[in-house]
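Here is input_15.tsv, consisting of TSV, C-alpha atoms:
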```tsv
chain	number	residue	atom	x	y	z
A	28	MET	CA	-95.79	-0.94	-13.37
A	29	LYS	CA	-95.39	-1.70	-17.07
A	30	GLY	CA	-91.89	-2.69	-18.16
A	31	GLN	CA	-90.67	-3.28	-14.65
A	32	LYS	CA	-88.82	-6.39	-13.58
A	33	VAL	CA	-88.00	-6.37	-9.89
A	34	ARG	CA	-86.29	-9.13	-7.95
A	35	LEU	CA	-86.30	-8.94	-4.16
A	36	PHE	CA	-83.77	-10.83	-2.06
A	37	PRO	CA	-84.83	-10.38	1.58
A	38	PRO	CA	-81.91	-10.28	4.02
A	39	SER	CA	-81.50	-12.87	6.75
A	40	ASP	CA	-78.87	-10.90	8.67
A	41	PRO	CA	-80.60	-8.82	11.42
A	42	GLU	CA	-77.95	-6.08	11.05
A	43	ILE	CA	-78.85	-5.72	7.37
A	44	SER	CA	-82.55	-5.65	8.25
A	45	ARG	CA	-81.92	-2.86	10.77
A	46	MET	CA	-80.43	-0.64	8.06
A	47	PHE	CA	-83.38	-1.07	5.70
A	48	ASP	CA	-84.81	2.30	6.78
A	49	VAL	CA	-82.22	4.15	4.63
A	50	PRO	CA	-82.08	2.51	1.20
A	51	ALA	CA	-79.89	3.71	-1.64
A	52	ALA	CA	-80.84	3.73	-5.32
A	53	LEU	CA	-77.95	3.45	-7.77
A	54	LEU	CA	-78.61	4.79	-11.27
A	55	VAL	CA	-76.74	2.27	-13.43
A	56	GLY	CA	-78.87	2.05	-16.58
A	57	GLY	CA	-77.13	4.57	-18.85
A	58	THR	CA	-75.78	3.59	-22.26
A	59	GLY	CA	-72.31	5.05	-21.71
A	60	THR	CA	-72.06	6.25	-25.30
A	61	ARG	CA	-68.93	8.35	-24.72
A	62	LEU	CA	-67.05	5.35	-23.29
A	63	ARG	CA	-67.86	2.97	-26.16
A	64	SER	CA	-64.34	3.39	-27.57
A	65	VAL	CA	-62.88	1.73	-24.45
A	66	LEU	CA	-65.92	-0.28	-23.27
A	67	PRO	CA	-67.64	-1.51	-26.44
A	68	SER	CA	-69.68	-4.30	-24.81
A	69	THR	CA	-69.61	-3.56	-21.07
A	70	PRO	CA	-72.00	-1.32	-19.11
A	71	LYS	CA	-70.17	1.71	-17.78
A	72	PRO	CA	-70.63	0.88	-14.07
A	73	LEU	CA	-68.81	-2.44	-14.62
A	74	ALA	CA	-65.71	-0.70	-15.97
A	75	SER	CA	-62.64	-2.06	-14.21
A	76	VAL	CA	-60.86	0.24	-11.78
A	77	GLY	CA	-57.84	-1.57	-10.43
A	78	ASP	CA	-58.89	-5.07	-9.38
A	79	MET	CA	-62.64	-4.38	-9.10
A	80	SER	CA	-65.44	-2.74	-11.04
A	81	PHE	CA	-66.42	0.87	-10.53
A	82	LEU	CA	-69.84	-0.23	-9.28
A	83	GLU	CA	-68.22	-2.52	-6.71
A	84	LEU	CA	-66.43	0.54	-5.30
A	85	LEU	CA	-69.80	2.22	-4.79
A	86	VAL	CA	-71.36	-0.88	-3.22
A	87	LEU	CA	-68.44	-1.26	-0.81
A	88	GLN	CA	-68.57	2.44	0.09
A	89	LEU	CA	-72.25	2.14	0.99
A	90	GLN	CA	-71.80	-1.12	2.87
A	91	ARG	CA	-68.90	0.13	4.96
A	92	GLN	CA	-70.99	3.11	6.07
A	93	GLY	CA	-74.00	1.02	7.06
A	94	ILE	CA	-76.21	1.37	3.99
A	95	ARG	CA	-77.25	-2.21	3.32
A	96	HIS	CA	-80.45	-2.00	1.24
A	97	LEU	CA	-79.60	-1.18	-2.37
A	98	VAL	CA	-81.83	-0.74	-5.39
A	99	MET	CA	-79.99	-0.94	-8.71
A	100	CYS	CA	-81.84	0.89	-11.48
A	101	THR	CA	-80.61	-1.05	-14.49
A	102	GLY	CA	-81.24	-0.69	-18.21
A	103	TYR	CA	-78.50	-0.97	-20.83
A	104	LEU	CA	-76.86	-4.43	-20.62
A	105	ALA	CA	-78.78	-5.01	-17.38
A	106	ASP	CA	-78.13	-8.75	-17.40
A	107	GLN	CA	-74.40	-8.18	-16.91
A	108	ILE	CA	-74.93	-6.04	-13.81
A	109	GLU	CA	-77.57	-8.32	-12.32
A	110	SER	CA	-75.39	-11.38	-12.95
A	111	ALA	CA	-72.32	-9.71	-11.40
A	112	PHE	CA	-74.03	-8.68	-8.15
A	113	GLY	CA	-76.92	-11.09	-7.69
A	114	ASP	CA	-78.59	-10.71	-4.31
A	115	GLY	CA	-75.67	-8.72	-2.90
A	116	SER	CA	-74.88	-11.20	-0.14
A	117	GLU	CA	-71.23	-11.47	-1.23
A	118	TRP	CA	-70.86	-7.81	-0.25
A	119	GLY	CA	-73.01	-7.94	2.89
A	120	VAL	CA	-75.91	-6.04	1.32
A	121	ALA	CA	-79.38	-6.87	-0.02
A	122	ILE	CA	-80.03	-5.82	-3.61
A	123	GLU	CA	-83.26	-5.24	-5.51
A	124	TYR	CA	-83.33	-4.55	-9.24
A	125	SER	CA	-85.62	-2.19	-11.12
A	126	ARG	CA	-85.00	-2.68	-14.84
A	127	GLU	CA	-86.12	-0.18	-17.47
A	128	GLU	CA	-87.06	-1.70	-20.83
A	129	HIS	CA	-86.26	1.52	-22.70
A	130	ALA	CA	-84.24	4.60	-21.79
A	131	LEU	CA	-86.05	6.67	-19.14
A	132	GLY	CA	-83.34	9.08	-17.98
A	133	THR	CA	-82.27	9.51	-14.37
A	134	ALA	CA	-85.65	10.75	-13.12
A	135	GLY	CA	-87.63	8.19	-15.11
A	136	ALA	CA	-85.49	5.36	-13.78
A	137	LEU	CA	-86.02	6.58	-10.22
A	138	LYS	CA	-89.78	6.83	-10.75
A	139	LEU	CA	-89.83	3.25	-12.04
A	140	ALA	CA	-88.10	2.13	-8.83
A	141	GLN	CA	-90.76	3.74	-6.62
A	142	PRO	CA	-92.19	0.40	-5.41
A	143	CYS	CA	-88.77	-0.47	-4.00
A	144	LEU	CA	-88.36	2.84	-2.16
A	145	GLN	CA	-91.78	4.14	-1.14
A	146	GLU	CA	-91.78	2.46	2.28
A	147	SER	CA	-88.93	4.74	3.42
A	148	SER	CA	-89.47	8.36	4.42
A	149	SER	CA	-86.21	9.33	2.71
A	150	PHE	CA	-83.57	7.58	0.65
A	151	LEU	CA	-80.18	8.05	-1.00
A	152	VAL	CA	-79.66	8.24	-4.77
A	153	MET	CA	-76.28	7.89	-6.47
A	154	ASN	CA	-75.09	8.13	-10.05
A	155	GLY	CA	-73.47	4.86	-11.04
A	156	ASP	CA	-70.67	6.49	-13.02
A	157	SER	CA	-69.24	8.88	-10.43
A	158	PHE	CA	-67.44	8.42	-7.11
A	159	LEU	CA	-67.51	10.95	-4.31
A	160	GLU	CA	-65.68	10.72	-1.00
A	161	ILE	CA	-68.55	11.44	1.38
A	162	ASP	CA	-70.01	10.64	4.77
A	163	PHE	CA	-73.52	9.43	3.92
A	164	ASP	CA	-74.75	9.82	7.49
A	165	GLU	CA	-73.65	13.45	7.48
A	166	LEU	CA	-75.61	14.12	4.27
A	167	ILE	CA	-78.69	12.36	5.67
A	168	ARG	CA	-78.52	14.37	8.90
A	169	PHE	CA	-78.01	17.57	6.88
A	170	HIS	CA	-81.11	16.75	4.83
A	171	ARG	CA	-83.28	16.03	7.83
A	172	GLY	CA	-82.04	19.11	9.63
A	173	HIS	CA	-82.97	21.45	6.79
A	174	GLY	CA	-86.39	19.94	6.16
A	175	GLY	CA	-86.33	20.32	2.38
A	176	LEU	CA	-87.55	18.00	-0.32
A	177	ALA	CA	-84.07	17.16	-1.59
A	178	SER	CA	-80.43	17.59	-0.67
A	179	MET	CA	-77.44	17.19	-2.95
A	180	ALA	CA	-73.72	16.84	-2.45
A	181	VAL	CA	-71.73	19.44	-4.36
A	182	GLN	CA	-68.03	19.69	-5.06
A	183	HIS	CA	-65.78	22.57	-6.11
A	184	VAL	CA	-63.93	21.80	-9.34
A	185	GLU	CA	-61.48	23.92	-11.29
A	186	ASP	CA	-63.10	23.10	-14.63
A	187	ALA	CA	-66.91	23.02	-14.47
A	188	ARG	CA	-67.55	23.01	-18.22
A	189	ARG	CA	-68.85	19.39	-18.23
A	190	TYR	CA	-71.21	19.88	-15.33
A	191	GLY	CA	-72.74	23.31	-15.07
A	192	ILE	CA	-72.68	25.24	-11.81
A	193	VAL	CA	-74.96	24.96	-8.78
A	194	GLN	CA	-75.90	28.37	-7.37
A	195	ILE	CA	-76.27	28.40	-3.60
A	196	GLY	CA	-77.83	31.04	-1.36
A	197	ALA	CA	-78.25	31.41	2.38
A	198	ALA	CA	-78.23	28.33	4.65
A	199	GLY	CA	-77.05	26.14	1.79
A	200	ARG	CA	-80.27	26.49	-0.20
A	201	VAL	CA	-79.95	25.93	-3.94
A	202	VAL	CA	-81.32	28.95	-5.80
A	203	GLY	CA	-80.49	28.04	-9.39
A	204	PHE	CA	-78.37	26.21	-11.91
A	205	CYS	CA	-76.06	27.62	-14.54
A	206	GLU	CA	-76.00	25.43	-17.64
A	207	LYS	CA	-72.78	24.17	-19.18
A	208	THR	CA	-70.98	27.12	-20.72
A	209	GLY	CA	-68.13	25.42	-22.58
A	210	THR	CA	-65.56	27.49	-20.68
A	211	ASP	CA	-63.19	26.07	-18.09
A	212	ALA	CA	-64.29	28.29	-15.20
A	213	PRO	CA	-64.23	26.86	-11.64
A	214	GLY	CA	-67.38	26.39	-9.59
A	215	LEU	CA	-69.54	24.18	-7.41
A	216	VAL	CA	-70.99	21.25	-9.34
A	217	ASN	CA	-73.61	18.60	-8.67
A	218	ALA	CA	-71.60	15.55	-7.52
A	219	GLY	CA	-74.34	12.99	-8.18
A	220	VAL	CA	-75.26	11.98	-4.60
A	221	TYR	CA	-78.68	12.98	-3.26
A	222	VAL	CA	-81.13	12.45	-0.42
A	223	PHE	CA	-84.81	12.72	-1.36
A	224	ASP	CA	-87.97	12.68	0.67
A	225	ARG	CA	-90.53	10.12	-0.49
A	226	ALA	CA	-92.76	13.00	-1.67
A	227	ILE	CA	-90.42	13.47	-4.63
A	228	PHE	CA	-92.30	10.73	-6.47
A	229	ASP	CA	-95.37	12.96	-6.68
A	230	LEU	CA	-93.32	15.51	-8.60
A	231	VAL	CA	-91.45	13.27	-11.04
A	232	PRO	CA	-93.31	12.91	-14.34
A	233	ASP	CA	-94.06	9.53	-15.84
A	234	GLY	CA	-91.89	8.51	-18.78
A	235	PRO	CA	-88.42	9.73	-19.74
A	236	ALA	CA	-87.11	12.62	-17.63
A	237	SER	CA	-83.88	13.92	-16.13
A	238	LEU	CA	-83.28	14.73	-12.48
A	239	GLU	CA	-80.77	17.39	-13.45
A	240	ARG	CA	-82.69	19.12	-16.25
A	241	ASP	CA	-86.34	18.46	-15.45
A	242	VAL	CA	-86.81	17.77	-11.75
A	243	PHE	CA	-84.34	19.86	-9.74
A	244	PRO	CA	-85.16	23.20	-11.46
A	245	SER	CA	-88.88	22.56	-10.94
A	246	ILE	CA	-88.68	21.82	-7.19
A	247	LEU	CA	-86.44	24.66	-6.00
A	248	GLY	CA	-89.45	26.28	-4.36
A	249	ARG	CA	-90.00	23.15	-2.26
A	250	GLY	CA	-86.52	23.34	-0.74
A	251	VAL	CA	-83.35	21.91	-2.31
A	252	TYR	CA	-80.19	22.17	-0.23
A	253	ALA	CA	-76.52	21.55	-0.99
A	254	LEU	CA	-73.73	20.24	1.22
A	255	GLU	CA	-70.21	20.86	-0.07
A	256	GLN	CA	-67.69	18.01	-0.09
A	257	ARG	CA	-63.91	18.27	-0.23
A	258	GLY	CA	-62.69	14.73	-0.85
A	259	ILE	CA	-62.05	12.73	-4.01
A	260	PHE	CA	-64.54	13.24	-6.83
A	261	ILE	CA	-64.34	11.53	-10.18
A	262	ASP	CA	-66.79	10.94	-13.02
A	263	ILE	CA	-65.82	8.21	-15.50
A	264	GLY	CA	-68.20	9.40	-18.21
A	265	ILE	CA	-65.46	10.15	-20.75
A	266	PRO	CA	-62.32	8.18	-21.65
A	267	GLU	CA	-59.96	10.80	-20.20
A	268	ASP	CA	-61.56	10.65	-16.76
A	269	TYR	CA	-61.84	6.87	-16.89
A	270	ALA	CA	-58.07	6.79	-17.45
A	271	ARG	CA	-57.66	9.14	-14.47
A	272	ALA	CA	-59.73	6.79	-12.32
A	273	GLN	CA	-57.38	3.97	-13.23
A	274	ALA	CA	-54.41	6.10	-12.18
A	275	VAL	CA	-55.87	6.84	-8.74
A	276	CYS	CA	-57.56	3.47	-8.17
A	277	GLU	CA	-55.76	2.90	-4.84
A	278	GLN	CA	-57.00	6.25	-3.51
A	279	LEU	CA	-60.53	5.43	-4.65
A	280	SER	CA	-60.37	2.04	-2.94
A	281	ASP	CA	-59.05	3.55	0.29
A	282	ALA	CA	-61.83	6.16	0.29
A	283	ALA	CA	-64.51	3.55	-0.43
A	284	LEU	CA	-63.39	1.27	2.39
A	285	ARG	CA	-63.17	3.98	5.01
A	286	THR	CA	-66.00	3.39	7.45
A	287	SER	CA	-66.65	7.08	8.14
A	288	GLN	CA	-65.46	9.90	5.90
A	289	HIS	CA	-66.52	12.46	8.50
A	290	LYS	CA	-64.50	10.95	11.34
A	291	ALA	CA	-61.47	10.61	9.11
A	292	ARG	CA	-61.22	14.33	8.52
A	293	PRO	CA	-58.90	16.36	10.77
```

Could you render the structure from this file as structure tokens?
Amino acid sequence: MKGQKVRLFPPSDPEISRMFDVPAALLVGGTGTRLRSVLPSTPKPLASVGDMSFLELLVLQLQRQGIRHLVMCTGYLADQIESAFGDGSEWGVAIEYSREEHALGTAGALKLAQPCLQESSSFLVMNGDSFLEIDFDELIRFHRGHGGLASMAVQHVEDARRYGIVQIGAAGRVVGFCEKTGTDAPGLVNAGVYVFDRAIFDLVPDGPASLERDVFPSILGRGVYALEQRGIFIDIGIPEDYARAQAVCEQLSDAALRTSQHKARP
């Protein structure tokens, strides 16, 4: 595929090989324009949170829950991310890279990574600038149990103005999206963690596109379901929330290193 640079580091550990049936794509190619005042020359996912980068938190969270095949969809300052994580062996994972040569948006970046993901019947996708306390296995089982094309984790927040609201009907089925209103009303928001069936690639257009604006609204008829989460959720997309992540870095680390979010709940 034109513009694609993919490096594959095959795992030698049989435990890592066993987990290759559930890969996770991390969307880490954004330009992070709103964080330039505090991160002028660093990609947003490499922002420091305590004694590690934000992206390392996500990698550790996946690894501790048994997700060992990662695809990093890089773009802006890709060399820094690829240099920092290499083949992933330091974290007990195997990493592939799919690098966009120009901005493709979240859906376009995922489409570019199709060769890395198409051997799996379903796969995880995560935004590289948000952290959600979640049991990945629970979300995967939820997705398979409902039989839809896509499932998303949602979270109730008191101020949904930055996100827009996810409208949910019977049996957890997503029936619509309410765009950002500019008011600080509470609501359920898209928390940036998804499970997709491989068939999603047939419905993602070539070129720049957004999962949130272009893909999800167009596939509601094919079955999109939402599973509500109640743990820590933080998006470091703006300086204020990046500062908040720094303040709760120990909580984020504890949540990332917990082997099973589901079992930890009372």

Determine, using only C-alpha atoms, which residues of region 204-285 of chain A have any atom at most 6 Å from an atom of region 118-139 of chain A, and tabulate each with its shortest atom pair and distance in Å to one decimal place, rows ordered by chain and then rising number, as a tab-separated table.
```
residue	atom	partner	partner_atom	distance
A:Gly234	CA	A:Gly135	CA	5.6
A:Pro235	CA	A:Leu131	CA	3.9
A:Ala236	CA	A:Ala134	CA	5.1
A:Ser237	CA	A:Ala134	CA	4.7
A:Leu238	CA	A:Ala134	CA	4.7
```

With region 278-282 of chain A as the partner and 9 Å as the cut-off, tabulate the residues of region 59-96 of chain A that qualify, each row holding the nearest pair of atoms and their distance in Å to one decimal, using all atoms listed in the file, sorted by chain and rising number, as a Markdown table.
```
| residue | atom | partner | partner_atom | distance |
| --- | --- | --- | --- | --- |
| A:Val76 | CA | A:Leu279 | CA | 8.8 |
| A:Gly77 | CA | A:Ser280 | CA | 8.7 |
| A:Leu84 | CA | A:Ser280 | CA | 6.7 |
| A:Leu87 | CA | A:Ser280 | CA | 9.0 |
| A:Gln88 | CA | A:Ala282 | CA | 7.7 |
```

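Proximity to Ala52 (chain A) was assessed for A:Ser80, A:Ser75, A:Gln256, A:Thr101 counting all atoms listed in the file; the smallest distance is recorded for A:Thr101.
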
Proximity to Phe81 (chain A) - best of A:Glu185, A:Asp262, A:Asp241, A:Asp224, all atoms listed in the file: A:Asp262

Nearest candidate to Arg63 (chain A) (options A:Val193, A:Cys276, A:Ile265, A:Ala226; using all atoms listed in the file): A:Ile265

Å distance separating CA of Ala105 (chain A) from CA of Ser178 (chain A), one decimal place: 28.2 Å

From A:Leu82, A:Leu151, A:Ile161, A:Leu215, residue lying nearest Pro50 (chain A) [all atoms listed in the file]: A:Leu151

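The interatomic distance for the pair CA of Pro266 (chain A) and CA of Ser64 (chain A) works out to 7.9 Å.
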
Around the point (-75.3, 20.6, -17.3) (coordinates from the file), which residues reach within 6 Å if we count all atoms listed in the file? Answer as a JSON list (two decimals) with C-alpha atoms, keeping the file's coordinate frame.
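Dumped everything to part_1.json:
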```
[["chain", "number", "residue", "atom", "x", "y", "z"],
["A", 190, "TYR", "CA", -71.21, 19.88, -15.33],
["A", 191, "GLY", "CA", -72.74, 23.31, -15.07],
["A", 206, "GLU", "CA", -76.00, 25.43, -17.64],
["A", 207, "LYS", "CA", -72.78, 24.17, -19.18]]
```

Nearest residue to Leu284 (chain A) from the set A:Tyr103, A:Arg257, A:Val65, A:Asp162 (distances using only C-alpha atoms): A:Asp162

Spatial neighbours of Ile263 (chain A), 9 Å, all atoms listed in the file, chain gap at least 5 places, as an MDAnalysis selection string: chainID A and resid 62 71:72 74 81 156:158 268:272

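Nearest-residue note for Val251 (chain A): choosing from A:Gly219, A:Gln273, A:Ala198, A:Met179, the minimum distance belongs to A:Met179, counting only C-alpha atoms.
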
Neighbours of point (-67.2, 25.4, -7.3) within 12 Å, using all atoms listed in the file, written as number ranges by chain: A: 180-188, 190-195, 205, 211-218, 253-257

Take the residues just selected and output them with C-alpha atoms as an mmCIF file, keeping the file's coordinate frame.
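Once written, out22.cif looks like this:
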```
data_model
loop_
_atom_site.group_PDB
_atom_site.id
_atom_site.type_symbol
_atom_site.label_atom_id
_atom_site.label_comp_id
_atom_site.auth_asym_id
_atom_site.auth_seq_id
_atom_site.Cartn_x
_atom_site.Cartn_y
_atom_site.Cartn_z
ATOM 1 C CA ALA A 180 -73.720 16.840 -2.450
ATOM 2 C CA VAL A 181 -71.730 19.440 -4.360
ATOM 3 C CA GLN A 182 -68.030 19.690 -5.060
ATOM 4 C CA HIS A 183 -65.780 22.570 -6.110
ATOM 5 C CA VAL A 184 -63.930 21.800 -9.340
ATOM 6 C CA GLU A 185 -61.480 23.920 -11.290
ATOM 7 C CA ASP A 186 -63.100 23.100 -14.630
ATOM 8 C CA ALA A 187 -66.910 23.020 -14.470
ATOM 9 C CA ARG A 188 -67.550 23.010 -18.220
ATOM 10 C CA TYR A 190 -71.210 19.880 -15.330
ATOM 11 C CA GLY A 191 -72.740 23.310 -15.070
ATOM 12 C CA ILE A 192 -72.680 25.240 -11.810
ATOM 13 C CA VAL A 193 -74.960 24.960 -8.780
ATOM 14 C CA GLN A 194 -75.900 28.370 -7.370
ATOM 15 C CA ILE A 195 -76.270 28.400 -3.600
ATOM 16 C CA CYS A 205 -76.060 27.620 -14.540
ATOM 17 C CA ASP A 211 -63.190 26.070 -18.090
ATOM 18 C CA ALA A 212 -64.290 28.290 -15.200
ATOM 19 C CA PRO A 213 -64.230 26.860 -11.640
ATOM 20 C CA GLY A 214 -67.380 26.390 -9.590
ATOM 21 C CA LEU A 215 -69.540 24.180 -7.410
ATOM 22 C CA VAL A 216 -70.990 21.250 -9.340
ATOM 23 C CA ASN A 217 -73.610 18.600 -8.670
ATOM 24 C CA ALA A 218 -71.600 15.550 -7.520
ATOM 25 C CA ALA A 253 -76.520 21.550 -0.990
ATOM 26 C CA LEU A 254 -73.730 20.240 1.220
ATOM 27 C CA GLU A 255 -70.210 20.860 -0.070
ATOM 28 C CA GLN A 256 -67.690 18.010 -0.090
ATOM 29 C CA ARG A 257 -63.910 18.270 -0.230
#
```

Interatomic distance, CA of Val98 (chain A) to CA of Ala140 (chain A) (Å, one decimal): 7.7 Å

Test item: axis-aligned box, all listed atoms of region 184-201 of chain A, 5 Å on each side, centre and edges in Å rounded to one decimal, as JSON:
```
{"center_x": -70.9, "center_y": 25.4, "center_z": -6.8, "size_x": 28.8, "size_y": 22.0, "size_z": 32.9}
```
